[in-house]
$ cat input.cif   # mmCIF, C-alpha atoms and all ligand atoms
data_coords
#
loop_
_atom_site.label_atom_id
_atom_site.label_comp_id
_atom_site.auth_asym_id
_atom_site.auth_seq_id
_atom_site.Cartn_x
_atom_site.Cartn_y
_atom_site.Cartn_z
CA MET A 126 101.42 171.28 56.57
CA GLU A 127 105.10 171.38 56.27
CA LYS A 128 107.02 168.17 56.28
CA ASP A 129 109.06 167.40 59.39
CA PRO A 130 112.69 168.04 58.77
CA PRO A 131 114.73 164.84 58.51
CA LEU A 132 116.27 163.75 61.81
CA ALA A 133 119.83 164.78 62.27
CA PRO A 134 122.24 161.93 61.67
CA GLY A 135 122.63 159.97 64.89
CA ALA A 136 119.43 161.33 66.48
CA GLU A 137 117.65 157.95 66.66
CA ARG A 138 119.30 156.28 69.60
CA PRO A 139 117.29 153.34 71.08
CA ARG A 140 120.24 152.74 73.40
CA ARG A 141 119.13 155.74 75.50
CA LEU A 142 116.48 153.56 77.15
CA ARG A 143 118.91 150.70 77.79
CA ALA A 144 121.35 152.80 79.75
CA ASN A 145 120.76 151.33 83.22
CA PRO A 146 118.78 148.61 85.00
CA LEU A 147 116.06 150.94 86.23
CA LEU A 148 115.32 152.31 82.78
CA ARG A 149 115.37 148.81 81.36
CA ARG A 150 112.89 147.70 84.01
CA MET A 151 110.58 150.58 83.11
CA VAL A 152 110.40 149.76 79.41
CA ARG A 153 110.31 145.98 79.72
CA GLU A 154 107.37 144.64 77.70
CA THR A 155 107.03 141.08 78.99
CA GLN A 156 107.58 139.44 82.37
CA LEU A 157 107.54 136.00 83.83
CA SER A 158 105.29 135.61 86.83
CA ARG A 159 104.50 132.80 89.23
CA ASP A 160 100.90 133.10 88.09
CA ASP A 161 101.91 131.82 84.63
CA LEU A 162 103.27 128.52 85.88
CA ILE A 163 101.81 125.02 85.88
CA LEU A 164 104.01 122.16 87.12
CA PRO A 165 103.57 118.66 85.64
CA LEU A 166 103.84 115.86 88.23
CA PHE A 167 103.92 112.05 87.98
CA VAL A 168 102.13 109.87 90.52
CA CYS A 169 102.87 106.17 91.01
CA PRO A 170 101.77 103.34 93.36
CA GLY A 171 103.31 102.64 96.77
CA THR A 172 104.23 104.74 99.79
CA GLY A 173 107.35 106.72 100.47
CA VAL A 174 108.31 106.55 96.78
CA ARG A 175 110.24 109.46 95.30
CA ARG A 176 111.93 107.89 92.27
CA PRO A 177 114.18 110.22 90.25
CA ILE A 178 113.57 110.41 86.49
CA PRO A 179 117.10 110.15 85.06
CA SER A 180 116.53 112.24 81.92
CA MET A 181 114.69 114.96 83.85
CA PRO A 182 116.87 116.07 86.77
CA GLY A 183 114.84 117.34 89.73
CA ASN A 184 111.69 115.47 88.62
CA PHE A 185 110.36 112.32 90.26
CA GLN A 186 107.70 109.66 90.20
CA PHE A 187 105.92 110.25 93.52
CA SER A 188 103.67 107.92 95.48
CA VAL A 189 100.51 109.65 96.70
CA ASP A 190 101.87 110.50 100.17
CA GLN A 191 105.03 112.06 98.68
CA LEU A 192 103.01 113.86 96.03
CA VAL A 193 101.05 115.61 98.75
CA GLU A 194 104.30 116.80 100.35
CA GLU A 195 105.63 117.94 96.99
CA CYS A 196 102.42 119.84 96.27
CA ARG A 197 102.65 121.55 99.65
CA GLN A 198 106.04 122.93 98.57
CA VAL A 199 104.71 123.88 95.16
CA ALA A 200 101.85 125.83 96.75
CA ASN A 201 104.26 127.51 99.18
CA LEU A 202 106.33 128.69 96.22
CA GLY A 203 103.23 130.51 94.97
CA ILE A 204 102.71 128.30 91.91
CA PRO A 205 98.95 128.22 91.26
CA ALA A 206 98.52 124.85 89.55
CA VAL A 207 99.84 121.34 88.92
CA ILE A 208 98.89 118.86 86.20
CA LEU A 209 98.87 115.20 87.16
CA PHE A 210 99.98 112.15 85.14
CA GLY A 211 99.39 108.63 86.43
CA ILE A 212 101.63 105.59 86.34
CA PRO A 213 99.29 102.69 87.11
CA PRO A 214 100.23 99.37 88.75
CA HIS A 215 99.04 97.46 85.68
CA LYS A 216 98.14 98.18 82.10
CA ASP A 217 95.84 96.44 79.61
CA ALA A 218 94.69 96.79 76.01
CA VAL A 219 91.84 99.20 76.83
CA GLY A 220 93.58 101.25 79.53
CA SER A 221 91.04 100.33 82.20
CA SER A 222 93.24 101.57 85.06
CA GLY A 223 92.76 105.04 83.54
CA TYR A 224 89.03 105.17 84.31
CA ASP A 225 89.05 103.09 87.48
CA PRO A 226 87.60 105.21 90.33
CA GLN A 227 90.23 103.58 92.58
CA GLY A 228 93.00 104.33 90.05
CA ILE A 229 96.20 106.16 90.80
CA VAL A 230 95.15 109.67 89.71
CA PRO A 231 91.79 109.55 91.56
CA GLN A 232 93.68 108.42 94.69
CA ALA A 233 96.05 111.34 94.29
CA LEU A 234 93.22 113.81 93.68
CA ARG A 235 91.35 112.70 96.79
CA ALA A 236 94.49 112.95 98.95
CA LEU A 237 95.31 116.39 97.58
CA LYS A 238 91.75 117.62 98.14
CA GLU A 239 91.92 116.39 101.70
CA ALA A 240 95.19 118.31 102.22
CA ARG A 241 93.32 121.52 101.28
CA LEU A 242 96.23 123.11 99.47
CA ASP A 243 95.95 126.40 97.67
CA LEU A 244 96.44 124.73 94.29
CA VAL A 245 94.41 124.16 91.14
CA LEU A 246 94.45 120.44 90.35
CA ILE A 247 94.51 119.75 86.63
CA ALA A 248 94.02 116.14 85.56
CA ASP A 249 95.59 115.07 82.27
CA VAL A 250 93.16 112.80 80.43
CA CYS A 251 94.65 110.23 78.05
CA LEU A 252 94.95 106.47 77.74
CA CYS A 253 98.61 106.10 76.75
CA GLU A 254 99.81 105.81 80.35
CA TYR A 255 97.28 103.02 80.95
CA THR A 256 97.39 100.88 77.80
CA ASP A 257 99.88 98.01 77.51
CA HIS A 258 100.58 98.98 73.86
CA GLY A 259 101.22 102.62 74.83
CA HIS A 260 98.87 104.21 72.30
CA CYS A 261 96.45 106.97 73.30
CA GLY A 262 93.34 104.92 72.52
CA VAL A 263 91.89 101.48 71.92
CA LEU A 264 93.06 99.52 68.90
CA HIS A 265 91.49 97.71 66.02
CA GLY A 266 94.47 95.85 64.62
CA GLU A 267 97.13 98.53 64.65
CA GLU A 268 94.64 101.37 64.15
CA VAL A 269 93.65 103.65 67.06
CA VAL A 270 89.85 103.71 66.92
CA ASN A 271 88.52 107.24 67.40
CA ASP A 272 84.93 107.02 68.63
CA ALA A 273 85.35 104.09 71.01
CA THR A 274 88.34 105.89 72.52
CA VAL A 275 86.33 109.08 72.98
CA GLU A 276 83.77 107.15 75.08
CA LEU A 277 86.52 105.97 77.41
CA LEU A 278 88.07 109.44 77.65
CA ALA A 279 84.70 110.86 78.73
CA ARG A 280 84.49 108.12 81.39
CA GLU A 281 88.01 108.91 82.56
CA SER A 282 87.15 112.63 82.75
CA LEU A 283 84.08 111.94 84.88
CA VAL A 284 86.08 109.70 87.24
CA PHE A 285 88.68 112.46 87.67
CA ALA A 286 85.95 115.06 88.21
CA GLN A 287 84.32 112.89 90.88
CA ALA A 288 87.69 112.45 92.60
CA GLY A 289 88.18 116.23 92.85
CA ALA A 290 89.90 117.51 89.70
CA ASP A 291 89.48 121.26 89.24
CA VAL A 292 90.26 121.23 85.51
CA ILE A 293 90.08 118.44 82.92
CA ALA A 294 92.86 118.39 80.31
CA PRO A 295 92.42 115.91 77.42
CA SER A 296 95.78 115.27 75.68
CA ASP A 297 94.88 112.41 73.33
CA MET A 298 94.09 114.29 70.06
CA MET A 299 91.07 112.14 69.16
CA ASP A 300 88.44 113.97 67.07
CA GLY A 301 85.38 115.20 68.94
CA ARG A 302 86.56 114.36 72.43
CA VAL A 303 86.13 117.83 73.88
CA GLY A 304 82.43 117.93 72.98
CA HIS A 305 81.91 114.45 74.33
CA ILE A 306 83.68 115.19 77.59
CA ARG A 307 81.77 118.48 77.95
CA ARG A 308 78.41 116.70 77.54
CA MET A 309 79.37 113.98 80.00
CA LEU A 310 80.50 116.50 82.63
CA ASP A 311 77.38 118.65 82.15
CA LEU A 312 75.03 115.68 82.43
CA GLN A 313 76.69 114.42 85.60
CA GLY A 314 76.66 117.71 87.51
CA TYR A 315 80.06 119.08 86.56
CA ALA A 316 78.98 121.89 84.25
CA HIS A 317 81.22 124.21 86.29
CA LEU A 318 84.47 122.32 85.56
CA PRO A 319 86.70 123.94 82.93
CA ILE A 320 88.24 121.96 80.08
CA MET A 321 91.80 122.82 79.16
CA ALA A 322 92.21 121.12 75.80
CA TYR A 323 95.50 120.12 74.26
CA ALA A 324 94.14 121.55 71.03
CA ALA A 325 97.26 121.74 68.88
CA LYS A 326 99.47 118.86 69.90
CA PHE A 327 102.18 117.85 67.48
CA ALA A 328 103.74 114.42 66.92
CA SER A 329 107.04 115.47 68.42
CA GLY A 330 110.44 114.03 69.20
CA PHE A 331 110.50 116.38 72.19
CA TYR A 332 108.27 113.99 74.21
CA GLY A 333 111.06 111.41 74.60
CA PRO A 334 111.96 111.95 78.27
CA PHE A 335 108.26 112.15 79.28
CA ARG A 336 107.62 108.71 77.83
CA GLU A 337 110.43 107.38 80.00
CA ALA A 338 108.94 109.20 83.01
CA ALA A 339 105.36 108.04 82.36
CA GLU A 340 106.37 104.66 80.94
CA SER A 341 104.15 105.34 77.93
CA THR A 342 106.28 104.73 74.84
CA PRO A 343 104.20 103.11 72.07
CA GLN A 344 105.15 99.44 71.68
CA PHE A 345 104.78 99.65 67.90
CA GLY A 346 104.45 102.45 65.36
CA ASP A 347 104.14 106.08 66.40
CA ARG A 348 101.50 108.72 67.16
CA ARG A 349 101.44 110.39 63.73
CA GLY A 350 97.98 108.99 63.01
CA TYR A 351 96.46 111.22 65.72
CA GLN A 352 98.96 113.88 66.79
CA MET A 353 99.64 116.69 64.31
CA ASP A 354 102.27 116.90 61.59
CA PRO A 355 104.98 119.37 62.74
CA ALA A 356 104.83 120.97 59.29
CA ASN A 357 101.25 122.25 59.71
CA ALA A 358 100.38 125.66 61.09
CA ARG A 359 97.01 126.34 59.45
CA GLU A 360 95.77 122.96 60.60
CA ALA A 361 96.71 123.88 64.17
CA LEU A 362 94.35 126.85 64.03
CA ARG A 363 91.61 124.62 62.71
CA GLU A 364 92.16 122.13 65.56
CA ILE A 365 91.95 124.97 68.09
CA GLU A 366 88.77 126.28 66.54
CA LEU A 367 87.15 122.83 66.66
CA ASP A 368 88.02 122.40 70.34
CA LEU A 369 86.66 125.84 71.19
CA ARG A 370 83.44 125.14 69.32
CA GLN A 371 83.05 121.94 71.34
CA GLY A 372 83.40 123.84 74.61
CA ALA A 373 87.09 124.12 75.50
CA ASP A 374 87.68 126.95 78.00
CA LEU A 375 91.46 127.15 77.61
CA ILE A 376 93.67 125.70 74.93
CA ILE A 377 97.18 124.27 74.92
CA VAL A 378 99.80 124.44 72.20
CA LYS A 379 102.40 121.71 72.56
CA PRO A 380 105.41 121.62 72.35
CA ALA A 381 106.28 125.30 72.88
CA LEU A 382 109.79 126.27 71.81
CA ALA A 383 109.72 124.89 68.28
CA TYR A 384 106.09 126.10 67.83
CA LEU A 385 106.23 129.76 68.86
CA ASP A 386 104.67 130.73 65.52
CA ILE A 387 101.62 128.64 66.39
CA ILE A 388 101.29 130.36 69.78
CA ARG A 389 101.53 133.75 68.11
CA ALA A 390 99.00 132.88 65.40
CA ALA A 391 96.58 131.47 67.99
CA ARG A 392 96.99 134.62 70.11
CA GLU A 393 96.04 136.79 67.16
CA ARG A 394 93.04 134.67 66.21
CA PHE A 395 91.43 133.63 69.52
CA GLU A 396 90.40 135.42 72.72
CA VAL A 397 90.64 132.49 75.14
CA PRO A 398 93.58 131.98 77.49
CA ILE A 399 96.40 130.11 75.79
CA ALA A 400 98.74 127.74 77.57
CA ALA A 401 101.98 126.50 76.06
CA TYR A 402 103.45 123.17 77.13
CA SER A 403 107.22 123.43 77.30
CA VAL A 404 107.69 119.69 77.15
CA SER A 405 110.12 117.21 78.62
CA GLY A 406 112.63 117.32 75.75
CA GLU A 407 112.83 121.10 75.94
CA PHE A 408 113.63 120.78 79.64
CA SER A 409 116.12 117.94 79.28
CA MET A 410 118.11 119.68 76.54
CA VAL A 411 118.69 122.71 78.75
CA LYS A 412 119.51 120.55 81.78
CA ALA A 413 121.96 118.39 79.84
CA ALA A 414 123.82 121.29 78.24
CA GLY A 415 123.83 123.09 81.59
CA ALA A 416 125.31 120.07 83.37
CA GLN A 417 128.10 120.00 80.77
CA GLY A 418 128.85 123.63 81.50
CA TRP A 419 128.13 124.49 77.87
CA ILE A 420 125.40 127.02 78.58
CA ASP A 421 124.27 129.22 81.48
CA GLU A 422 121.28 127.11 82.42
CA ALA A 423 119.25 129.62 84.46
CA ARG A 424 119.72 132.35 81.92
CA ILE A 425 118.66 130.18 79.02
CA ARG A 426 115.72 128.80 80.99
CA ASP A 427 114.39 132.31 81.57
CA GLU A 428 115.07 133.37 78.00
CA ILE A 429 113.10 130.41 76.63
CA LEU A 430 110.16 130.94 78.97
CA LEU A 431 110.13 134.64 78.14
CA SER A 432 110.03 133.83 74.41
CA ILE A 433 106.92 131.74 75.05
CA LYS A 434 105.26 134.66 76.86
CA ARG A 435 106.36 137.08 74.14
CA ALA A 436 104.80 134.82 71.51
CA GLY A 437 101.50 135.29 73.32
CA ALA A 438 101.03 132.48 75.85
CA ASP A 439 99.25 133.32 79.10
CA LEU A 440 100.28 130.13 80.89
CA ILE A 441 103.26 127.79 80.66
CA LEU A 442 103.32 124.15 81.66
CA THR A 443 106.97 123.61 82.56
CA TYR A 444 109.18 121.27 84.55
CA PHE A 445 111.16 124.40 85.49
CA ALA A 446 108.20 125.82 87.44
CA LYS A 447 109.68 125.30 90.93
CA GLU A 448 113.10 126.65 89.96
CA VAL A 449 111.63 129.69 88.26
CA ALA A 450 109.26 130.44 91.13
CA ALA A 451 112.11 130.15 93.62
CA ALA A 452 114.27 132.52 91.56
CA LEU A 453 111.61 135.19 90.98
CA PRO A 454 111.80 138.22 93.27
C1 LIG B 1 99.98 111.96 76.89
C2 LIG B 1 100.93 113.06 77.01
C3 LIG B 1 102.24 113.17 76.51
C4 LIG B 1 102.78 114.35 77.03
C5 LIG B 1 101.78 114.95 77.78
N1 LIG B 1 100.63 114.16 77.74
C6 LIG B 1 103.07 112.26 75.77
C7 LIG B 1 102.82 111.84 74.41
O1 LIG B 1 101.95 112.33 73.69
O2 LIG B 1 103.53 110.92 74.06
C8 LIG B 1 104.18 114.84 76.79
C9 LIG B 1 104.69 115.82 77.77
C10 LIG B 1 106.16 116.03 77.76
O3 LIG B 1 106.92 115.56 76.89
O4 LIG B 1 106.60 116.72 78.69
N2 LIG B 1 99.32 111.82 75.70
#
$ encode --input "input.cif" --output "structure tokens" --more "lines below"
Ligand code: PBG
Amino acid sequence: MEKDPPLAPGAERPRRLRANPLLRRMVRETQLSRDDLILPLFVCPGTGVRRPIPSMPGNFQFSVDQLVEECRQVANLGIPAVILFGIPPHKDAVGSSGYDPQGIVPQALRALKEARLDLVLIADVCLCEYTDHGHCGVLHGEEVVNDATVELLARESLVFAQAGADVIAPSDMMDGRVGHIRRMLDLQGYAHLPIMAYAAKFASGFYGPFREAAESTPQFGDRRGYQMDPANAREALREIELDLRQGADLIIVKPALAYLDIIRAARERFEVPIAAYSVSGEFSMVKAAGAQGWIDEARIRDEILLSIKRAGADLILTYFAKEVAAALP
């Protein structure tokens, strides 16, 4: 075989396919879709409450009645799912309002089920919103005790399942909790409920605004004893593998923007659907710079979400979900 002659100088011209919007549309590799979006929502006690979260413009703490109205809008925008976080009326050392069948999230789940919306209801499972010290588990001294916490998380999961959750999403990062929750759900007649595990969750400064929103800032210390070190990528893959082995159906990488390499590596290694949580700090940064007029907010929003898809995520938990859905054609 003869060798191909070298291309004439100037023959390789990738710009040919960028010449106009139609051509660009045809060769576009990645798209955002409504189907990718999951909106996080905060539910609090009371009626008629719609309390703005100052660091997260456009986000609120909703009482159950207002949450139902909000979710109606979310469903009408074509967003398929919400994930619920509870702000309880009182907190204690063991987070008992988190696994109270009359607690705030079970109330919300029952009301939403009754409203029969076209919406997947994901329940975030953790104790940090419900403990007075703000840690994600029960304490022995200043240590978060793993196995006792896992028992309570399984209880909380069952309570949420009984109240109508469609998906259980443990976000605590205790060892072995996915397996424990899976066994509990299976034993109690919820073998059909998927678990969406926050498998690789990093100890991140990007959670700041959320902790204001959920009133869950630790009262001492930090979460580095259970959430992952931001320096560790191989360990993230190990965490994901452990959660999958214990029965996770979907996995979450969190945060998203500063961890795109983790999303990509997980995509290459695992076949399950991958969700990325674009967290509160990622949202607030864009909102704040946008409000200053320093950046084109909508453009940067879409560029960030697209980067998360390009990295390999199938789903994105984002506080931008309503805005994006409203802007999509
Ligand atoms: C609870 C939880 C947190 C977030 C989701 N679930 C906070 C934390 O770990 O402190 C953060 C979400 C966000 O910042 O948007 N464990």
$ atom_distance --input "input.cif" --atom1 "atom CA of Ala328 of chain A" --atom2 "atom CA of Pro380 of chain A"
9.2 Å
$ closest_atom_pairs --input "input.cif" --of "chain A" --to "ligand LIG 1 (chain B)" --cutoff "7 Å" --atoms "all atoms listed in the file" --output "tab-separated table"
residue	atom	partner	partner_atom	distance
A:Asp249	CA	B:LIG1	N1	6.8
A:Cys251	CA	B:LIG1	N2	5.5
A:Cys253	CA	B:LIG1	N2	5.9
A:Cys261	CA	B:LIG1	N2	6.1
A:Ser296	CA	B:LIG1	N2	4.9
A:Asp297	CA	B:LIG1	N2	5.1
A:Phe331	CA	B:LIG1	O3	6.0
A:Tyr332	CA	B:LIG1	O3	3.4
A:Gly333	CA	B:LIG1	O3	6.3
A:Pro334	CA	B:LIG1	O3	6.4
A:Phe335	CA	B:LIG1	O3	4.4
A:Arg336	CA	B:LIG1	O2	6.0
A:Ser341	CA	B:LIG1	O2	6.8
A:Thr342	CA	B:LIG1	O2	6.8
A:Ser403	CA	B:LIG1	O4	6.9
A:Val404	CA	B:LIG1	O4	3.5
A:Ser405	CA	B:LIG1	O4	3.6
A:Gly406	CA	B:LIG1	O3	6.1
$ residues_around --input "input.cif" --residues "Ile163 of chain A" --least-positions-apart "6" --cutoff "12 Å" --atoms "only C-alpha atoms" --output "PyMOL selection string"
chain A and resi 196+199-200+202-209+244-248+377+400-404+439-447+449-450
$ atom_distance --input "input.cif" --atom1 "atom CA of Gly304 of chain A" --atom2 "atom CA of Ala233 of chain A"
26.1 Å
$ residues_around --input "input.cif" --residues "Pro295 of chain A" --least-positions-apart "6" --cutoff "12 Å" --atoms "all atoms listed in the file" --output "ChimeraX atom specification"
/A:208-210,247-253,261,274-275,277-283,285,301-307,319-326,368,373,375-377
$ closest_residue --input "input.cif" --among "A:Arg150, A:Leu431, A:Asp311, A:Glu195" --to "Gly183 of chain A" --atoms "only C-alpha atoms"
A:Glu195
$ atom_distance --input "input.cif" --atom1 "atom CA of Ala423 of chain A" --atom2 "atom CA of Leu164 of chain A"
17.2 Å
$ axis_aligned_box --input "input.cif" --around "segment 278-295 of chain A" --padding-each-side "5 Å" --output "AutoDock Vina command-line options"
--center_x 88.5 --center_y 114.7 --center_z 85.1 --size_x 18.8 --size_y 23.1 --size_z 25.4
$ build_atoms --input "input.cif" --residues "segment 203-226 of chain A" --atoms "N, CA, C and O atoms" --output "PDB file, in the frame of the given file"
ATOM      1  N   GLY A 203     104.139 129.583  95.641  1.00  0.00           N
ATOM      2  CA  GLY A 203     103.230 130.510  94.970  1.00  0.00           C
ATOM      3  C   GLY A 203     102.826 130.078  93.572  1.00  0.00           C
ATOM      4  O   GLY A 203     102.231 130.853  92.820  1.00  0.00           O
ATOM      5  N   ILE A 204     103.142 128.826  93.212  1.00  0.00           N
ATOM      6  CA  ILE A 204     102.710 128.300  91.910  1.00  0.00           C
ATOM      7  C   ILE A 204     101.224 127.952  92.023  1.00  0.00           C
ATOM      8  O   ILE A 204     100.831 127.271  92.967  1.00  0.00           O
ATOM      9  N   PRO A 205     100.393 128.413  91.085  1.00  0.00           N
ATOM     10  CA  PRO A 205      98.950 128.220  91.260  1.00  0.00           C
ATOM     11  C   PRO A 205      98.401 126.852  90.869  1.00  0.00           C
ATOM     12  O   PRO A 205      97.300 126.507  91.284  1.00  0.00           O
ATOM     13  N   ALA A 206      99.142 126.074  90.074  1.00  0.00           N
ATOM     14  CA  ALA A 206      98.520 124.850  89.550  1.00  0.00           C
ATOM     15  C   ALA A 206      99.540 123.748  89.260  1.00  0.00           C
ATOM     16  O   ALA A 206     100.694 124.014  88.927  1.00  0.00           O
ATOM     17  N   VAL A 207      99.068 122.509  89.373  1.00  0.00           N
ATOM     18  CA  VAL A 207      99.840 121.340  88.920  1.00  0.00           C
ATOM     19  C   VAL A 207      98.966 120.551  87.955  1.00  0.00           C
ATOM     20  O   VAL A 207      97.738 120.637  87.989  1.00  0.00           O
ATOM     21  N   ILE A 208      99.620 119.795  87.067  1.00  0.00           N
ATOM     22  CA  ILE A 208      98.890 118.860  86.200  1.00  0.00           C
ATOM     23  C   ILE A 208      99.417 117.466  86.477  1.00  0.00           C
ATOM     24  O   ILE A 208     100.630 117.245  86.539  1.00  0.00           O
ATOM     25  N   LEU A 209      98.492 116.534  86.696  1.00  0.00           N
ATOM     26  CA  LEU A 209      98.870 115.200  87.160  1.00  0.00           C
ATOM     27  C   LEU A 209      98.836 114.154  86.055  1.00  0.00           C
ATOM     28  O   LEU A 209      97.885 114.079  85.266  1.00  0.00           O
ATOM     29  N   PHE A 210      99.882 113.315  86.034  1.00  0.00           N
ATOM     30  CA  PHE A 210      99.980 112.150  85.140  1.00  0.00           C
ATOM     31  C   PHE A 210     100.110 110.905  85.999  1.00  0.00           C
ATOM     32  O   PHE A 210     100.875 110.896  86.966  1.00  0.00           O
ATOM     33  N   GLY A 211      99.392 109.848  85.624  1.00  0.00           N
ATOM     34  CA  GLY A 211      99.390 108.630  86.430  1.00  0.00           C
ATOM     35  C   GLY A 211     100.255 107.524  85.842  1.00  0.00           C
ATOM     36  O   GLY A 211     100.310 107.352  84.631  1.00  0.00           O
ATOM     37  N   ILE A 212     100.929 106.810  86.733  1.00  0.00           N
ATOM     38  CA  ILE A 212     101.630 105.590  86.340  1.00  0.00           C
ATOM     39  C   ILE A 212     100.962 104.449  87.108  1.00  0.00           C
ATOM     40  O   ILE A 212     101.144 104.323  88.313  1.00  0.00           O
ATOM     41  N   PRO A 213     100.128 103.666  86.411  1.00  0.00           N
ATOM     42  CA  PRO A 213      99.290 102.690  87.110  1.00  0.00           C
ATOM     43  C   PRO A 213     100.070 101.425  87.453  1.00  0.00           C
ATOM     44  O   PRO A 213     101.124 101.167  86.855  1.00  0.00           O
ATOM     45  N   PRO A 214      99.557 100.624  88.404  1.00  0.00           N
ATOM     46  CA  PRO A 214     100.230  99.370  88.750  1.00  0.00           C
ATOM     47  C   PRO A 214     100.153  98.342  87.634  1.00  0.00           C
ATOM     48  O   PRO A 214     101.036  97.511  87.496  1.00  0.00           O
ATOM     49  N   HIS A 215      99.077  98.353  86.841  1.00  0.00           N
ATOM     50  CA  HIS A 215      99.040  97.460  85.680  1.00  0.00           C
ATOM     51  C   HIS A 215      98.310  98.093  84.510  1.00  0.00           C
ATOM     52  O   HIS A 215      97.462  98.966  84.672  1.00  0.00           O
ATOM     53  N   LYS A 216      98.683  97.619  83.325  1.00  0.00           N
ATOM     54  CA  LYS A 216      98.140  98.180  82.100  1.00  0.00           C
ATOM     55  C   LYS A 216      97.446  97.065  81.329  1.00  0.00           C
ATOM     56  O   LYS A 216      97.809  95.899  81.483  1.00  0.00           O
ATOM     57  N   ASP A 217      96.460  97.433  80.494  1.00  0.00           N
ATOM     58  CA  ASP A 217      95.840  96.440  79.610  1.00  0.00           C
ATOM     59  C   ASP A 217      95.517  97.089  78.265  1.00  0.00           C
ATOM     60  O   ASP A 217      95.826  98.267  78.051  1.00  0.00           O
ATOM     61  N   ALA A 218      94.887  96.318  77.384  1.00  0.00           N
ATOM     62  CA  ALA A 218      94.690  96.790  76.010  1.00  0.00           C
ATOM     63  C   ALA A 218      93.763  97.994  75.938  1.00  0.00           C
ATOM     64  O   ALA A 218      93.878  98.815  75.023  1.00  0.00           O
ATOM     65  N   VAL A 219      92.820  98.106  76.899  1.00  0.00           N
ATOM     66  CA  VAL A 219      91.840  99.200  76.830  1.00  0.00           C
ATOM     67  C   VAL A 219      92.081 100.268  77.896  1.00  0.00           C
ATOM     68  O   VAL A 219      91.248 101.157  78.105  1.00  0.00           O
ATOM     69  N   GLY A 220      93.212 100.196  78.569  1.00  0.00           N
ATOM     70  CA  GLY A 220      93.580 101.250  79.530  1.00  0.00           C
ATOM     71  C   GLY A 220      92.621 101.373  80.696  1.00  0.00           C
ATOM     72  O   GLY A 220      92.348 102.484  81.158  1.00  0.00           O
ATOM     73  N   SER A 221      92.110 100.236  81.205  1.00  0.00           N
ATOM     74  CA  SER A 221      91.040 100.330  82.200  1.00  0.00           C
ATOM     75  C   SER A 221      91.491 100.946  83.525  1.00  0.00           C
ATOM     76  O   SER A 221      90.670 101.510  84.254  1.00  0.00           O
ATOM     77  N   SER A 222      92.788 100.910  83.820  1.00  0.00           N
ATOM     78  CA  SER A 222      93.240 101.570  85.060  1.00  0.00           C
ATOM     79  C   SER A 222      93.138 103.089  84.950  1.00  0.00           C
ATOM     80  O   SER A 222      93.225 103.797  85.957  1.00  0.00           O
ATOM     81  N   GLY A 223      92.904 103.591  83.742  1.00  0.00           N
ATOM     82  CA  GLY A 223      92.760 105.040  83.540  1.00  0.00           C
ATOM     83  C   GLY A 223      91.391 105.560  83.959  1.00  0.00           C
ATOM     84  O   GLY A 223      91.243 106.735  84.277  1.00  0.00           O
ATOM     85  N   TYR A 224      90.366 104.703  83.921  1.00  0.00           N
ATOM     86  CA  TYR A 224      89.030 105.170  84.310  1.00  0.00           C
ATOM     87  C   TYR A 224      88.478 104.357  85.475  1.00  0.00           C
ATOM     88  O   TYR A 224      87.274 104.283  85.702  1.00  0.00           O
ATOM     89  N   ASP A 225      89.410 103.787  86.252  1.00  0.00           N
ATOM     90  CA  ASP A 225      89.050 103.090  87.480  1.00  0.00           C
ATOM     91  C   ASP A 225      88.924 104.134  88.597  1.00  0.00           C
ATOM     92  O   ASP A 225      89.884 104.869  88.852  1.00  0.00           O
ATOM     93  N   PRO A 226      87.756 104.218  89.258  1.00  0.00           N
ATOM     94  CA  PRO A 226      87.600 105.210  90.330  1.00  0.00           C
ATOM     95  C   PRO A 226      88.628 105.029  91.451  1.00  0.00           C
ATOM     96  O   PRO A 226      88.914 105.971  92.188  1.00  0.00           O
TER      97      PRO A 226
END
